[in-house]
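Student: Data file entry_35.txt (compact mmCIF, C-alpha atoms) is appended below.
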# COMPACT_ATOMS: atom_id res chain seq x y z
CA MET A 1 55.15 171.40 -84.30
CA ASN A 2 57.90 174.04 -84.34
CA LYS A 3 59.48 172.41 -87.39
CA ILE A 4 56.14 172.42 -89.21
CA MET A 5 55.62 176.09 -88.39
CA SER A 6 59.16 176.90 -89.48
CA THR A 7 58.70 175.04 -92.80
CA LEU A 8 55.41 176.82 -93.43
CA PHE A 9 56.97 180.20 -92.66
CA ILE A 10 59.88 179.62 -95.06
CA GLN A 11 57.50 178.56 -97.83
CA GLN A 12 55.35 181.62 -97.20
CA LEU A 13 58.45 183.80 -97.21
CA VAL A 14 59.67 182.48 -100.58
CA THR A 15 56.20 182.91 -102.07
CA GLY A 16 56.07 186.41 -100.66
CA PHE A 17 59.41 187.31 -102.23
CA SER A 18 58.29 185.96 -105.62
CA ILE A 19 55.08 188.03 -105.51
CA GLY A 20 57.04 190.98 -104.16
CA ALA A 21 59.45 190.73 -107.10
CA ILE A 22 56.53 191.08 -109.52
CA TYR A 23 55.20 194.04 -107.53
CA ALA A 24 58.69 195.54 -107.55
CA LEU A 25 58.99 195.26 -111.34
CA LEU A 26 55.64 196.97 -111.85
CA ALA A 27 56.40 199.58 -109.19
CA VAL A 28 59.67 200.43 -110.96
CA GLY A 29 57.66 201.08 -114.13
CA TYR A 30 55.43 203.46 -112.21
CA ALA A 31 58.40 205.13 -110.53
CA LEU A 32 60.35 205.71 -113.76
CA ILE A 33 57.51 207.56 -115.45
CA TYR A 34 56.53 209.49 -112.34
CA SER A 35 60.12 210.57 -111.66
CA ILE A 36 60.34 212.29 -115.05
CA PHE A 37 56.82 213.44 -115.90
CA LYS A 38 55.30 213.66 -112.40
CA PHE A 39 52.16 211.72 -113.23
CA THR A 40 51.06 208.14 -112.63
CA ASN A 41 50.62 205.95 -115.70
CA PHE A 42 47.32 204.27 -114.84
CA ALA A 43 47.37 202.53 -118.24
CA PHE A 44 50.14 200.33 -116.87
CA GLY A 45 47.76 197.54 -115.82
CA ALA A 46 46.26 197.29 -119.29
CA ILE A 47 49.75 197.15 -120.83
CA MET A 48 50.60 194.31 -118.46
CA MET A 49 47.41 192.49 -119.47
CA CYS A 50 48.05 192.89 -123.20
CA SER A 51 51.59 191.62 -122.70
CA ALA A 52 50.25 188.50 -121.00
CA TYR A 53 48.02 187.92 -124.03
CA GLY A 54 51.14 188.33 -126.19
CA ALA A 55 52.77 185.45 -124.30
CA TYR A 56 49.55 183.44 -124.61
CA PHE A 57 49.47 184.00 -128.39
CA VAL A 58 53.06 182.78 -128.77
CA VAL A 59 52.39 179.66 -126.69
CA LYS A 60 48.93 178.81 -128.02
CA ASN A 61 49.05 179.86 -131.68
CA LEU A 62 52.73 179.52 -132.53
CA GLY A 63 53.33 176.43 -130.42
CA MET A 64 56.46 177.91 -128.81
CA THR A 65 56.04 176.80 -125.22
CA SER A 66 59.38 177.78 -123.71
CA LEU A 67 59.58 180.49 -121.07
CA ALA A 68 62.00 182.50 -123.22
CA ALA A 69 59.58 182.48 -126.18
CA GLY A 70 56.66 183.51 -123.99
CA LEU A 71 58.65 186.34 -122.44
CA CYS A 72 59.83 187.55 -125.86
CA GLY A 73 56.26 187.67 -127.17
CA ALA A 74 55.09 189.52 -124.09
CA ILE A 75 57.99 192.00 -124.17
CA ILE A 76 57.41 192.84 -127.85
CA ILE A 77 53.72 193.58 -127.20
CA GLY A 78 54.53 195.46 -123.99
CA ILE A 79 57.04 197.75 -125.69
CA ILE A 80 54.81 198.43 -128.71
CA ILE A 81 51.69 199.28 -126.69
CA SER A 82 53.63 201.31 -124.14
CA ILE A 83 55.30 203.44 -126.82
CA ILE A 84 52.03 203.90 -128.74
CA THR A 85 50.38 205.02 -125.49
CA GLU A 86 53.11 207.61 -124.95
CA LEU A 87 52.90 208.92 -128.53
CA VAL A 88 49.11 209.02 -128.79
CA ALA A 89 47.82 209.62 -125.27
CA TYR A 90 50.56 211.60 -123.53
CA ARG A 91 52.95 213.41 -125.84
CA SER A 92 50.46 215.88 -127.30
CA LEU A 93 49.25 216.76 -123.79
CA ARG A 94 52.82 217.25 -122.58
CA ARG A 95 53.56 219.45 -125.60
CA LEU A 96 50.59 221.63 -124.62
CA LYS A 97 51.86 221.78 -121.00
CA ALA A 98 48.62 220.19 -119.85
CA SER A 99 47.98 219.60 -116.17
CA ARG A 100 49.06 216.28 -114.71
CA LEU A 101 45.38 215.66 -113.97
CA PHE A 102 44.63 215.52 -117.71
CA LEU A 103 47.51 213.08 -118.24
CA MET A 104 46.11 210.81 -115.54
CA ILE A 105 42.61 211.02 -117.05
CA SER A 106 44.09 210.11 -120.43
CA ALA A 107 45.89 207.15 -118.81
CA MET A 108 42.67 205.89 -117.25
CA GLY A 109 40.95 206.23 -120.63
CA VAL A 110 43.64 204.10 -122.28
CA ASN A 111 43.28 201.51 -119.51
CA ILE A 112 39.51 201.23 -120.00
CA LEU A 113 39.87 201.22 -123.81
CA LEU A 114 42.40 198.38 -123.87
CA GLN A 115 40.44 196.29 -121.38
CA ASN A 116 37.24 196.60 -123.39
CA LEU A 117 38.96 195.96 -126.71
CA MET A 118 40.53 192.80 -125.33
CA THR A 119 37.20 191.68 -123.84
CA ILE A 120 35.50 192.12 -127.23
CA TRP A 121 38.31 190.37 -129.10
CA MET A 122 39.20 187.52 -126.73
CA SER A 123 36.07 187.41 -124.50
CA ALA A 124 36.25 187.50 -120.70
CA ASN A 125 37.12 183.80 -120.36
CA LEU A 126 40.09 182.73 -118.28
CA ARG A 127 42.89 181.26 -120.40
CA SER A 128 45.73 179.12 -119.10
CA LEU A 129 49.26 180.16 -120.00
CA ASN A 130 50.85 176.73 -120.31
CA ILE A 131 54.56 177.41 -120.59
CA SER A 132 56.95 174.46 -120.32
CA LEU A 133 59.13 174.70 -117.24
CA PRO A 134 62.36 172.83 -116.44
CA PHE A 135 60.85 171.57 -113.17
CA ARG A 136 57.54 171.79 -111.33
CA VAL A 137 58.48 171.75 -107.67
CA LEU A 138 61.79 172.30 -105.92
CA ALA A 139 62.04 170.27 -102.71
CA VAL A 140 64.61 171.23 -100.09
CA GLY A 141 64.01 168.89 -97.18
CA LYS A 142 60.36 169.30 -96.26
CA ILE A 143 60.16 172.68 -97.96
CA LYS A 144 58.46 172.50 -101.36
CA ILE A 145 58.47 175.57 -103.59
CA GLY A 146 56.67 175.89 -106.93
CA SER A 147 58.74 176.47 -110.05
CA ILE A 148 56.75 179.58 -111.02
CA ASP A 149 57.56 181.22 -107.69
CA ILE A 150 61.27 180.48 -108.05
CA LEU A 151 61.52 181.51 -111.70
CA SER A 152 59.50 184.70 -111.23
CA LEU A 153 61.80 185.68 -108.36
CA LEU A 154 65.00 184.92 -110.29
CA VAL A 155 63.92 186.52 -113.56
CA SER A 156 62.55 189.60 -111.81
CA LEU A 157 65.74 190.05 -109.79
CA ALA A 158 67.81 189.67 -112.95
CA ALA A 159 65.65 192.25 -114.76
CA LEU A 160 65.96 194.68 -111.85
CA ALA A 161 69.75 194.21 -111.80
CA VAL A 162 70.01 194.87 -115.54
CA LEU A 163 67.83 197.96 -115.17
CA TRP A 164 70.01 199.27 -112.34
CA ILE A 165 73.15 198.82 -114.44
CA PHE A 166 71.44 200.54 -117.38
CA ILE A 167 70.34 203.51 -115.26
CA GLU A 168 73.67 203.89 -113.46
CA ARG A 169 76.28 203.00 -116.09
CA THR A 170 75.02 203.93 -119.56
CA LYS A 171 74.70 207.20 -121.47
CA TYR A 172 70.94 206.84 -121.76
CA GLY A 173 70.70 206.03 -118.06
CA ILE A 174 72.46 209.30 -117.26
CA ALA A 175 70.02 211.10 -119.58
CA ILE A 176 67.10 209.50 -117.74
CA ARG A 177 68.48 210.58 -114.36
CA ALA A 178 69.09 214.10 -115.63
CA SER A 179 65.53 214.28 -116.99
CA ALA A 180 64.20 213.02 -113.67
CA HIS A 181 65.97 215.93 -111.95
CA ASP A 182 64.64 218.62 -114.32
CA THR A 183 63.30 217.99 -117.82
CA ASP A 184 63.57 221.63 -118.89
CA THR A 185 67.21 221.92 -117.84
CA ALA A 186 67.98 218.53 -119.39
CA GLY A 187 66.55 219.79 -122.68
CA LEU A 188 68.66 222.93 -122.52
CA MET A 189 71.74 220.79 -121.94
CA GLY A 190 71.15 218.97 -125.23
CA ILE A 191 69.26 215.91 -123.98
CA ASN A 192 66.43 214.84 -126.28
CA VAL A 193 63.63 214.51 -123.72
CA ASN A 194 61.27 212.94 -126.26
CA LYS A 195 63.81 210.21 -126.94
CA VAL A 196 64.29 209.70 -123.21
CA SER A 197 60.52 209.44 -122.91
CA LEU A 198 60.38 206.65 -125.49
CA ILE A 199 63.17 204.77 -123.70
CA VAL A 200 61.44 205.09 -120.33
CA PHE A 201 58.11 203.91 -121.72
CA ALA A 202 59.85 201.01 -123.48
CA ILE A 203 61.47 200.01 -120.17
CA SER A 204 58.13 200.22 -118.39
CA GLY A 205 56.65 198.05 -121.14
CA ILE A 206 59.33 195.43 -120.51
CA THR A 207 58.72 195.39 -116.75
CA ALA A 208 54.96 195.12 -117.36
CA ALA A 209 55.52 192.26 -119.81
CA ILE A 210 57.67 190.21 -117.42
CA ALA A 211 55.20 190.75 -114.59
CA GLY A 212 52.24 189.96 -116.85
CA THR A 213 53.80 186.71 -118.08
CA PHE A 214 54.47 185.32 -114.61
CA THR A 215 51.12 186.51 -113.26
CA GLY A 216 49.38 184.80 -116.20
CA MET A 217 51.36 181.61 -115.54
CA LYS A 218 50.53 181.66 -111.84
CA TYR A 219 46.83 182.42 -112.22
CA ALA A 220 45.37 182.86 -115.73
CA VAL A 221 45.18 185.37 -118.57
CA TYR A 222 42.01 187.50 -118.74
CA PRO A 223 41.09 191.10 -119.65
CA THR A 224 41.16 192.44 -116.07
CA LEU A 225 44.47 190.81 -115.18
CA GLY A 226 46.06 194.26 -114.92
CA ALA A 227 44.09 195.03 -111.75
CA ILE A 228 47.06 193.62 -109.85
CA SER A 229 49.00 196.72 -110.88
CA SER A 230 47.14 198.60 -108.14
CA LYS A 231 49.33 196.67 -105.68
CA ALA A 232 52.40 197.90 -107.54
CA PHE A 233 51.13 201.46 -107.19
CA ILE A 234 50.76 200.89 -103.45
CA SER A 235 54.32 199.50 -103.42
CA SER A 236 55.69 202.58 -105.15
CA VAL A 237 53.89 204.85 -102.68
CA ILE A 238 55.20 202.85 -99.72
CA GLY A 239 58.77 203.04 -101.00
CA GLY A 240 58.52 206.63 -102.17
CA LEU A 241 56.77 207.51 -105.43
CA GLY A 242 59.42 208.24 -108.04
CA SER A 243 62.22 206.43 -106.20
CA LEU A 244 63.50 203.29 -107.92
CA PRO A 245 65.10 201.76 -104.79
CA GLY A 246 61.93 202.68 -102.92
CA ALA A 247 59.77 200.95 -105.54
CA VAL A 248 61.79 197.75 -105.18
CA LEU A 249 61.74 197.90 -101.38
CA GLY A 250 58.01 198.65 -101.30
CA GLY A 251 57.27 195.77 -103.67
CA PHE A 252 59.07 193.22 -101.54
CA ILE A 253 57.61 194.57 -98.30
CA LEU A 254 54.06 194.40 -99.62
CA GLY A 255 54.52 190.99 -101.25
CA VAL A 256 55.89 189.39 -98.08
CA LEU A 257 53.35 190.99 -95.75
CA GLU A 258 50.42 190.05 -98.02
CA THR A 259 51.58 186.44 -98.18
CA ILE A 260 52.00 186.20 -94.42
CA ILE A 261 48.54 187.72 -93.86
CA SER A 262 47.04 185.24 -96.35
CA GLY A 263 48.86 182.26 -94.85
CA TYR A 264 48.37 182.92 -91.16
CA ILE A 265 45.10 184.88 -91.02
CA SER A 266 43.00 184.78 -94.20
CA SER A 267 43.37 185.70 -97.86
CA ALA A 268 40.11 187.64 -97.49
CA TYR A 269 42.03 190.28 -95.51
CA ARG A 270 44.89 190.62 -98.01
CA ASP A 271 43.51 193.55 -100.00
CA LEU A 272 42.14 195.21 -96.88
CA PHE A 273 45.60 195.03 -95.35
CA SER A 274 47.31 196.39 -98.49
CA PHE A 275 45.11 199.45 -98.79
CA GLY A 276 45.27 199.93 -95.03
CA ILE A 277 49.07 200.18 -95.30
CA LEU A 278 48.65 202.72 -98.09
CA ILE A 279 46.52 204.94 -95.84
CA VAL A 280 48.95 204.64 -92.92
CA VAL A 281 51.95 205.51 -95.13
CA LEU A 282 50.18 208.52 -96.65
CA VAL A 283 49.31 209.79 -93.17
CA PHE A 284 52.67 209.27 -91.43
CA LEU A 285 55.18 209.03 -94.32
CA PRO A 286 53.67 210.98 -97.23
CA ASN A 287 57.00 210.79 -99.12
CA GLY A 288 57.33 207.06 -98.54
CA ILE A 289 60.17 205.16 -96.88
CA LEU A 290 62.90 206.33 -99.28
CA GLY A 291 61.12 209.29 -100.84
CA THR A 292 62.51 212.81 -100.66
CA ASP A 293 61.13 216.30 -101.02
CA THR A 294 63.38 217.00 -104.01
CA SER A 295 62.77 216.10 -107.62
CA ASP A 296 65.99 214.06 -107.73
CA LYS A 297 64.33 210.68 -107.38
CA LEU A 298 66.49 208.20 -109.25
Show me this structure written as C-alpha cells.

Tutor:
Amino acid sequence: MNKIMSTLFIQQLVTGFSIGAIYALLAVGYALIYSIFKFTNFAFGAIMMCSAYGAYFVVKNLGMTSLAAGLCGAIIIGIIISIITELVAYRSLRRLKASRLFLMISAMGVNILLQNLMTIWMSANLRSLNISLPFRVLAVGKIKIGSIDILSLLVSLAALAVLWIFIERTKYGIAIRASAHDTDTAGLMGINVNKVSLIVFAISGITAAIAGTFTGMKYAVYPTLGAISSKAFISSVIGGLGSLPGAVLGGFILGVLETIISGYISSAYRDLFSFGILIVVLVFLPNGILGTDTSDKL
C-alpha cells in the first residue's frame, strides 16, 4: 500500500511540475510587462489561444506534425499578435500618459475581441492538436509519466533558462532591467523604451505560444483556451507581481498544489483552492513571496 501511495505521489508531483512550468512561463510574461509598465496585460490569454491555433494550423493544414514545427507556428503567431497589441492597444495610451486602469480596460477589450473573432472564424468546437511525439509514455518502474507532461516540463525549463540568460547577460536584457527600474530615467540615459517595449512584448508572445501549444496538446484547442492564464496571474501574484523569480516560483507552487488537490481530494476543488490561495496571499503577503516595495523587480 505504501509503495502504491508513493508511486501515485511521484506521478502527481511530476504532473504538477509540468503544469507548474506552463504557469511559470505565462506568469513570467505577466511579470515582464508589469515590471516595466505597471499594468497587467489581460490580453495575454487571448494571445496564448491564438498561438495554439497557429500550431494547429501548421499541423492540420500544412501537414507538419513535429513538435518543433508546431512550436514555430505558435511562436510566430504569438509574437505578431503580441506586438500588434502593444502598438495598437497600448502605445498610444502610454504616449498620452493614460492611467493604468485604461491600459487594463484596453487589454480586456483586446482579449474579448480576439476570442470572439476566433469563435466566428473557427467556431467554438474543440480541436485536437495532434503533434507527433518521440514517445507516448515513459515508464520508470511502476511510475508511468505521459510524454506531454515530460516535454512541457523540459521545454518550459529550457525556455526559462534562455530567458534568464537573455535578461542577465545581454545588452537588451540590461535595457529591460533598467526600464523596469525607471522608464523615464532609462529614456534619459539613451535607452529606447519603445524598442524595449517591443522586445518585452515579443518575449511575452513567445512564452504564451509555448504554453498555448502544450496546453492545446494536453487538452484541446478552442477559443476560450486562454482562460488558463488566470492561473498564471495568480502565480505571479503569489510569487510577487513584477518579479521574474517570483513568477517562476509561484507557477511551480500553484501547479504542484493544484495537482495534489485534484489527485487526493477532488478536481472540483482545484479552482476554489487556487483563488483561495490568491486571497490569502493578498491579505498576508500583498507583495508576494519574493516581491519588494521597490520598483526594481527584475

Student: Identify which of the residues A:Met122, A:Met48, A:Ala247, A:Ile260 lies closest to Ile206 (chain A), counting only C-alpha atoms when measuring atom-to-atom distances.

Tutor: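 Selected residue with least distance to Ile206 (chain A): A:Met48.
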
Student: In terms of the shortest atom-to-atom distance over all atoms listed in the file, which of A:Ala202, A:Leu225, A:Ile77, A:Val59 is closest to Thr119 (chain A)?

Tutor: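 Closest residue, counting all atoms listed in the file: A:Leu225.
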
Student: Residues at most 12 Å from Asn125 (chain A), counting all atoms listed in the file, excluding those fewer than 2 positions away in the same chain, as a ChimeraX atom specification?

Tutor: /A:118-123,127-128,220-225

Student: Select, from A:Leu32, A:Ala268, A:Leu244, A:Ala209, the residue with the minimum atom-to-atom distance to Ile289 (chain A), counting all atoms listed in the file.

Tutor: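 The shortest atom-to-atom distance to Ile289 (chain A) comes from A:Leu244.
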
Student: Find the residue from A:Tyr269, A:Ala89, A:Gly63, A:Lys142 that sits nearest to Met104 (chain A); use all atoms listed in the file when measuring.

Tutor: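 Counting all atoms listed in the file, the residue closest to Met104 (chain A) is A:Ala89.
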
Student: Between A:Ile10, A:Val248, A:Val196, A:Cys50, which residue has the minimum interatomic distance to Ile80 (chain A), considering only C-alpha atoms?

Tutor: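 Smallest distance to Ile80 (chain A) is found for A:Cys50.
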
Student: Select, from A:Ile81, A:Leu133, A:Ile238, A:Ile265, the residue with the minimum atom-to-atom distance to Leu290 (chain A), counting only C-alpha atoms.

Tutor: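 Of A:Ile81, A:Leu133, A:Ile238, A:Ile265, the one nearest Leu290 (chain A), counting only C-alpha atoms, is A:Ile238.
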